[in-house]
Amino acid sequence: MIKNKTIFARILDNTDWLFFISLLFIIAVGFISIYSASINYMNPFKFITTQFIAICVGLFFVLVFSSFNYQYYKHFSGYIYIISCLLLIAVLIFGATVKGTKGWFNFGFFSLQPVEFAKIMFILVLSAFLDKYWREIRKFTTFCKALLILGGHIFLIMLQPDFSSTLPYYPITLILLYAAGVKIRYLLSIILYGGLAMGIPLFITFINLQPEVLQSSQILSFMLKAYTDLPTALIVLLSISVLVFLIKWFMYKLRIQMPVIYPVIFLLLVFAGSFSSIVVEKSLKEYQRKRLIVFLDPSLDARGAGYNVIQSKITIGSGQIIGKGFFKGTQTQLGFLPEQRTDFIFAVIGEEGGYLISQLTILFYLFFIWRAMIIARNSRDRYGSYVATGIATMFSFNAVINIGMVTGLMPATGLPLLLVSYGGSSMTSSMVAIGILLSIHIRRFIRD
Amino acid sequence: MSWSDDNKTTYNFFIEKHKNILIFFIFMFAVLSLNLFYLQIINGSYYKEIAERQRLNTSKERAPRGLIYDAKGNILVGNEFGYVALFYPFEQHELPSQDTIEQLSAILKRDINPEIEAGLKYKRVIQIADNLSLDEVFQIQEKKLFMPGIAVTKIPKRKYFNAVENCHVTGYVGEVTQDEIENMQEDNYRPGDFIGRGGIEQAYDKYIRGIDGGLQLEVNAKGQPKKAFKYYSPETGNSVFLTIDADLQKVAYEALEKSTTGRGSAVVIDVKTGAVKVLVSCPGYDTNDVFTKKYANYLRDRNLPLFNRAIQALYPPGSIFKVITFIAAMDNLDFDPSHTEYCTGSFELGDRHYACWFKEGHKTVNLITATAKSCNIYFYKLGLKLGVRVLEKYAKMFHLGQQTGIDIPYEKKGFVPTPEWKKLKMKMTWLQGDTVILAIGQGALWVTPLQMASMISAVANDGIFYTPYLVENIKDPKTNEVLYQHEQEIADKLEIDMRIWKTLNKALTEAVQNGTARRTYFKDLTVAAKTGTAENPQGVDHAWMIAYAPAENPELAVAVIVENGGGGGTNSVPIAREIFKKHFNIYDETDKIENKDVKKQNLKQKPIKENL
């Protein structure tokens, strides 16, 4: 290290400028789009003023968190977890209800969504846990403990209830566990379980939307019966068990060795998943299930659950190659596009900026995530690598779920596009995450 | 470089996972990019079109249909204007909200729910109420802001003058059906549009329709107009000028209405051109009432007012067919018209009796007097001499059993029986008895009044057939540019000697002067005519009459039928007389005297059945 340089000069030297340029581009595009989506209001500057303040506060957080040594989080991870849980509990008690969800602190002049910050705290805590138990990482108990950490947050968020906000947690947990080296079969098991628990109710909702398909198909109507009628369901599960053991016996004949515990666990997971699906079905309302599945064919409920998806696709598609020009998008300006400034901001970019700008936004986003992954690779310790991976996962899955929803590839969920969507909480919390990333980046050469 | 507190292997282990994760991220973003490419570049124009369609709302202004005039320039069909309330669906609302419905009901003071339900089938704009008063229009406009999606527009409505007598010529308009929209895609009809039904309205719909106009507006997602783009003023449809003489039409209809049964038809054709001056079917219906409850009454009416008898009803021609037998005999047999037969009032063929309508018998008759007095015996014998083949040939020569080709739809073509047909359908051989009754226009011979008018017109014209037509020309109402002009065309010319036409003319004139058609006798006008009383297995005989005048230089050919009217001479001839009187401006006074004379004569002579 060159001693005579100031700290500030050292920071400038070690800063990844490409990373900053992509970040600035993403934020700028979002900022213009928010302005474009609000010029028809009484006070067109209201939203961008809030956003501007959030960006400034966020940049301040970037400075603070990048200069703070991230390694301290590791030592206080227990407290961080408790604080995050307290935040989530506090919002259940003191929070304001917005659109049926009690997820906001209302401070009068601004409101705060604690789940955005809890998510980052969760990454810090889970990384610390995986770092601490890295020697016992392949043990089943470690896996279960990690799931417990996840479960605490999920439980508290579902009490709000805010299903959408829990969505990034699952990929973050899975990817972090995978990166830490948890056995793949544990991860596959949990995916199978979750897939069954979520998938069955959604699948049934989807067939229920198409009565004519139901009439023409014997298999589908049988499946619907299995879903509503317990004896039929047991018959189905029993026949699946028989089938699995037949395969096992057949493989035995073919001299393929396999411990008998595998099919047993598989079947247990199928049973558990199927029965958990009843709980999921009860906890999700009809319109929510519809909204989650209707993206497969929005025309099934074109003026109801499918309306947002249809309008969003029209908005993006009609932008064509060069777009209609900023502030000139008809879908945006005439209000056909719902939730323009928040969840569907990407459609505004697609319509007004066309393929060129929207593809560029995606590329810069990917570049930004790639830089985050580079930071993970170059971190000086395991903890830094895990945290950076978790943050990269958070950004990329938020983007994939959001852009996927806007372009009709994924279910309609209320997840913002981080760094682009309007919203103080998501902007400042993203900036905090970036600050932590930079903290890891800056300290990559330091030896203890 | 990294992870100083660990050994190299765990770090490498992480790096391997790290690489997979990164590949997975890149893969997901690649999918997003591909989908974006698909949406914006491959399907971009499709979505652009949808976006434009939902942004631009054309508030349609329906074009008035073209006017229809008669030959003298009287308006037969015009337009009047009314106001309607419409609902335009917007955002997620297919139907007006309950609040809107309540407010509208309060203004209109009636229940509008049935209209909304009826309008739902079109899935787009719903007509909520029509015939709004100006007061209601202003009230709706005042509260428009509180009733999203509701708009008031002015629409033209068809107005028919003298509707009842002209109904079968003009036809009426009705809303286009879903099937028609699909079948006539190139004509670009949309739900709620009007299309001609029957008559001129249907046949010349594409000329009459006009081009709808409207105001193209940019609307936001709530259906509120934001900006006006273009205004297209609706273009009135083209004016149609008919050959119909509305005054004559009225006279004919009134005369038919006063006849014994009030059912029948009259067709008048201009001999020199084929222009149809009168085409009446009685009873008619009021075309202005087609969308009211009266329409159901028309459907139920046993007199079938919706049925266009002039071109659709099939009757046996009866004695008026003798005109064709007459020509067949003279042309084919080189028959001497002075050849006489003795009519005893009955005729025997095998073991069957065929009676003459005049039971006492006509005594000695030649071809001229037999035609004038409509002696059946004479024509039975002629029929036997000619045989069925020749009769069939001459019937078809006079275009029986085929459409005349008049320019309104649904014309029937009638039927000429043949031995083959009888064998095929009735499994019986053709007998001489069939030939005999065919010679006097009975049996399975079916003709329309229009065919008979066309036939007598050709007779008057020495064998020249013109296709009867109703539309003289069609003009653009603004520029007066002629878009369609009927072209005079000889449809057919019969190769028959002039001598035969002269003789027939003499025979038909004789029928007016001394024969069965005495009631069309005028001092100053020579009329040539033939009456007929067609036997009809279903009931009372049909009264027929065909005529042309003046006999020396024919102008007008007339065919009249009174359905179940009885004798042709007493029932149909007066109708033709009214038509001639009106057309040739013959004074009433002389008429009345003549009429009385004729009546007196008839009272003395008239048997129950006048002529068969």
# chains A, B, ... in the order shown; residues from 1 in each chain; ligands from 1
>>> interface_residues(of="chain A", to="chain B", cutoff="7 Å", atoms="only C-alpha atoms", output="PyMOL selection string")
chain A and resi 179-180+303+314+316-321+331+334-336+355+359+366+377-382+396+404
>>> write_last_selection(atoms="N, CA and C atoms", output="tab-separated table (two decimals), in the first residue's frame")
chain	number	residue	atom	x	y	z
A	179	ALA	N	-24.11	-22.32	-3.00
A	179	ALA	CA	-22.76	-21.78	-3.07
A	179	ALA	C	-21.92	-22.28	-1.89
A	180	ALA	N	-22.57	-22.42	-0.72
A	180	ALA	CA	-21.85	-22.84	0.46
A	180	ALA	C	-21.54	-24.33	0.42
A	303	ARG	N	-60.47	-8.99	-18.64
A	303	ARG	CA	-60.79	-7.73	-17.97
A	303	ARG	C	-60.58	-7.83	-16.46
A	314	ILE	N	-48.94	-5.25	-24.39
A	314	ILE	CA	-49.25	-4.31	-25.48
A	314	ILE	C	-48.32	-3.10	-25.39
A	316	ILE	N	-45.29	-2.79	-23.98
A	316	ILE	CA	-43.90	-3.08	-24.37
A	316	ILE	C	-43.82	-3.33	-25.86
A	317	GLY	N	-44.70	-4.19	-26.36
A	317	GLY	CA	-44.64	-4.58	-27.77
A	317	GLY	C	-44.81	-3.39	-28.69
A	318	SER	N	-45.70	-2.47	-28.31
A	318	SER	CA	-45.98	-1.36	-29.22
A	318	SER	C	-44.82	-0.37	-29.29
A	319	GLY	N	-43.83	-0.53	-28.39
A	319	GLY	CA	-42.65	0.33	-28.47
A	319	GLY	C	-41.79	0.02	-29.68
A	320	GLN	N	-41.90	-1.21	-30.15
A	320	GLN	CA	-41.13	-1.70	-31.31
A	320	GLN	C	-39.64	-1.41	-31.14
A	321	ILE	N	-38.92	-1.07	-32.21
A	321	ILE	CA	-37.46	-1.00	-32.10
A	321	ILE	C	-36.99	0.28	-31.42
A	331	GLN	N	-49.72	4.32	-24.41
A	331	GLN	CA	-50.21	3.41	-23.38
A	331	GLN	C	-49.95	3.99	-21.99
A	334	LEU	N	-51.88	7.67	-21.54
A	334	LEU	CA	-53.34	7.62	-21.48
A	334	LEU	C	-53.83	6.68	-20.38
A	335	GLY	N	-52.90	6.13	-19.62
A	335	GLY	CA	-53.29	5.37	-18.44
A	335	GLY	C	-53.74	3.94	-18.70
A	336	PHE	N	-53.44	3.40	-19.90
A	336	PHE	CA	-53.81	2.01	-20.13
A	336	PHE	C	-52.92	1.08	-19.32
A	355	TYR	N	-37.05	-1.17	-28.14
A	355	TYR	CA	-36.19	-2.32	-27.87
A	355	TYR	C	-34.79	-1.86	-27.50
A	359	GLN	N	-33.49	-3.18	-24.00
A	359	GLN	CA	-32.45	-4.21	-24.05
A	359	GLN	C	-31.17	-3.70	-23.39
A	366	LEU	N	-27.47	-6.76	-16.17
A	366	LEU	CA	-26.68	-7.99	-16.12
A	366	LEU	C	-25.22	-7.67	-15.82
A	377	ARG	N	-16.26	-13.19	-6.03
A	377	ARG	CA	-15.14	-14.07	-6.32
A	377	ARG	C	-13.84	-13.54	-5.71
A	378	ASN	N	-13.71	-12.21	-5.72
A	378	ASN	CA	-12.44	-11.62	-5.29
A	378	ASN	C	-12.42	-11.25	-3.81
A	379	SER	N	-13.49	-11.57	-3.09
A	379	SER	CA	-13.55	-11.18	-1.69
A	379	SER	C	-12.40	-11.83	-0.92
A	380	ARG	N	-12.01	-11.13	0.11
A	380	ARG	CA	-10.84	-11.66	0.83
A	380	ARG	C	-11.22	-12.78	1.78
A	381	ASP	N	-12.51	-12.90	2.14
A	381	ASP	CA	-12.89	-14.02	3.00
A	381	ASP	C	-14.20	-14.63	2.53
A	382	ARG	N	-14.49	-15.79	3.09
A	382	ARG	CA	-15.68	-16.53	2.70
A	382	ARG	C	-16.95	-15.73	2.97
A	396	SER	N	-30.65	-9.93	-9.09
A	396	SER	CA	-30.99	-10.60	-10.34
A	396	SER	C	-32.37	-11.22	-10.27
A	404	GLY	N	-39.92	-10.46	-15.99
A	404	GLY	CA	-40.70	-11.61	-16.44
A	404	GLY	C	-42.18	-11.36	-16.33
>>> closest_atom_pairs(of="segment 125-197 of chain A", to="segment 252-274 of chain A", cutoff="7 Å", atoms="only C-alpha atoms", output="CSV")
residue,atom,partner,partner_atom,distance
A:Tyr193,CA,A:Gly273,CA,4.7
A:Gly194,CA,A:Gly273,CA,6.7
A:Leu196,CA,A:Gly273,CA,5.0
A:Ala197,CA,A:Gly273,CA,4.7
>>> select_by_dssp(residues="segment 64-172 of chain A", states="helix (DSSP H, G or I)", output="count of residues only")
76
>>> residues_around(residues="Ser164 of chain A", least_positions_apart="4", cutoff="8 Å", atoms="only C-alpha atoms", output="PDB file with C-alpha atoms, in the first residue's frame")
ATOM      1  CA  THR A 413     -46.644 -10.337  -8.383  1.00  0.00           C
ATOM      2  CA  GLY A 414     -46.084  -6.986  -6.763  1.00  0.00           C
ATOM      3  CA  LEU A 415     -42.327  -6.925  -6.847  1.00  0.00           C
TER       4      LEU A 415
END
>>> residues_around(residues="Ala576 of chain B", least_positions_apart="6", cutoff="12 Å", atoms="only C-alpha atoms", output="PyMOL selection string")
chain B and resi 248-249+251-256+259+265-268+278+453+517-521+527-531+543-549+556-562+568-570+582-583
>>> decode(residues="segment 475-500 of chain B", atoms="N, CA and C atoms", output="compact mmCIF listing (two decimals), in the first residue's frame")
# COMPACT_ATOMS: atom_id res chain seq x y z
N LYS B 475 -77.76 8.21 -58.96
CA LYS B 475 -76.90 9.40 -59.06
C LYS B 475 -76.28 9.73 -57.72
N ASP B 476 -75.09 10.30 -57.80
CA ASP B 476 -74.45 10.84 -56.60
C ASP B 476 -75.24 12.08 -56.19
N PRO B 477 -75.70 12.17 -54.93
CA PRO B 477 -76.56 13.29 -54.56
C PRO B 477 -75.84 14.63 -54.62
N LYS B 478 -74.51 14.66 -54.47
CA LYS B 478 -73.79 15.94 -54.45
C LYS B 478 -73.48 16.41 -55.87
N THR B 479 -72.83 15.52 -56.63
CA THR B 479 -72.32 15.94 -57.92
C THR B 479 -73.29 15.65 -59.06
N ASN B 480 -74.34 14.89 -58.76
CA ASN B 480 -75.28 14.47 -59.78
C ASN B 480 -74.65 13.58 -60.84
N GLU B 481 -73.50 13.07 -60.53
CA GLU B 481 -72.84 12.16 -61.46
C GLU B 481 -73.64 10.86 -61.53
N VAL B 482 -73.85 10.36 -62.74
CA VAL B 482 -74.63 9.13 -62.90
C VAL B 482 -73.72 7.93 -62.65
N LEU B 483 -74.07 7.16 -61.62
CA LEU B 483 -73.21 6.03 -61.26
C LEU B 483 -73.69 4.74 -61.91
N TYR B 484 -74.97 4.72 -62.18
CA TYR B 484 -75.53 3.52 -62.79
C TYR B 484 -76.64 3.97 -63.71
N GLN B 485 -76.67 3.45 -64.90
CA GLN B 485 -77.73 3.80 -65.84
C GLN B 485 -78.23 2.50 -66.44
N HIS B 486 -79.54 2.31 -66.40
CA HIS B 486 -80.08 1.10 -67.01
C HIS B 486 -79.87 1.17 -68.50
N GLU B 487 -79.40 0.09 -69.06
CA GLU B 487 -79.19 0.09 -70.51
C GLU B 487 -80.23 -0.76 -71.19
N GLN B 488 -80.85 -0.13 -72.18
CA GLN B 488 -81.89 -0.79 -72.94
C GLN B 488 -81.28 -1.98 -73.69
N GLU B 489 -81.86 -3.13 -73.49
CA GLU B 489 -81.27 -4.31 -74.13
C GLU B 489 -82.39 -5.28 -74.46
N ILE B 490 -82.39 -5.77 -75.67
CA ILE B 490 -83.41 -6.73 -76.06
C ILE B 490 -83.00 -8.08 -75.49
N ALA B 491 -83.84 -8.59 -74.60
CA ALA B 491 -83.48 -9.84 -73.95
C ALA B 491 -83.71 -11.01 -74.90
N ASP B 492 -84.75 -10.90 -75.72
CA ASP B 492 -85.10 -12.03 -76.59
C ASP B 492 -86.00 -11.49 -77.69
N LYS B 493 -85.88 -12.07 -78.88
CA LYS B 493 -86.80 -11.69 -79.97
C LYS B 493 -87.39 -12.96 -80.56
N LEU B 494 -88.72 -13.04 -80.54
CA LEU B 494 -89.36 -14.24 -81.05
C LEU B 494 -89.50 -14.13 -82.56
N GLU B 495 -89.13 -15.21 -83.27
CA GLU B 495 -89.21 -15.20 -84.74
C GLU B 495 -90.60 -15.67 -85.14
N ILE B 496 -91.54 -14.77 -85.09
CA ILE B 496 -92.93 -15.11 -85.42
C ILE B 496 -93.45 -14.09 -86.42
N ASP B 497 -94.18 -14.61 -87.38
CA ASP B 497 -94.64 -13.78 -88.50
C ASP B 497 -95.50 -12.61 -88.02
N MET B 498 -95.35 -11.45 -88.65
CA MET B 498 -96.13 -10.26 -88.28
C MET B 498 -97.63 -10.51 -88.40
N ARG B 499 -98.00 -11.33 -89.41
CA ARG B 499 -99.41 -11.62 -89.63
C ARG B 499 -100.05 -12.19 -88.37
N ILE B 500 -99.30 -13.07 -87.71
CA ILE B 500 -99.83 -13.70 -86.49
C ILE B 500 -100.06 -12.66 -85.40
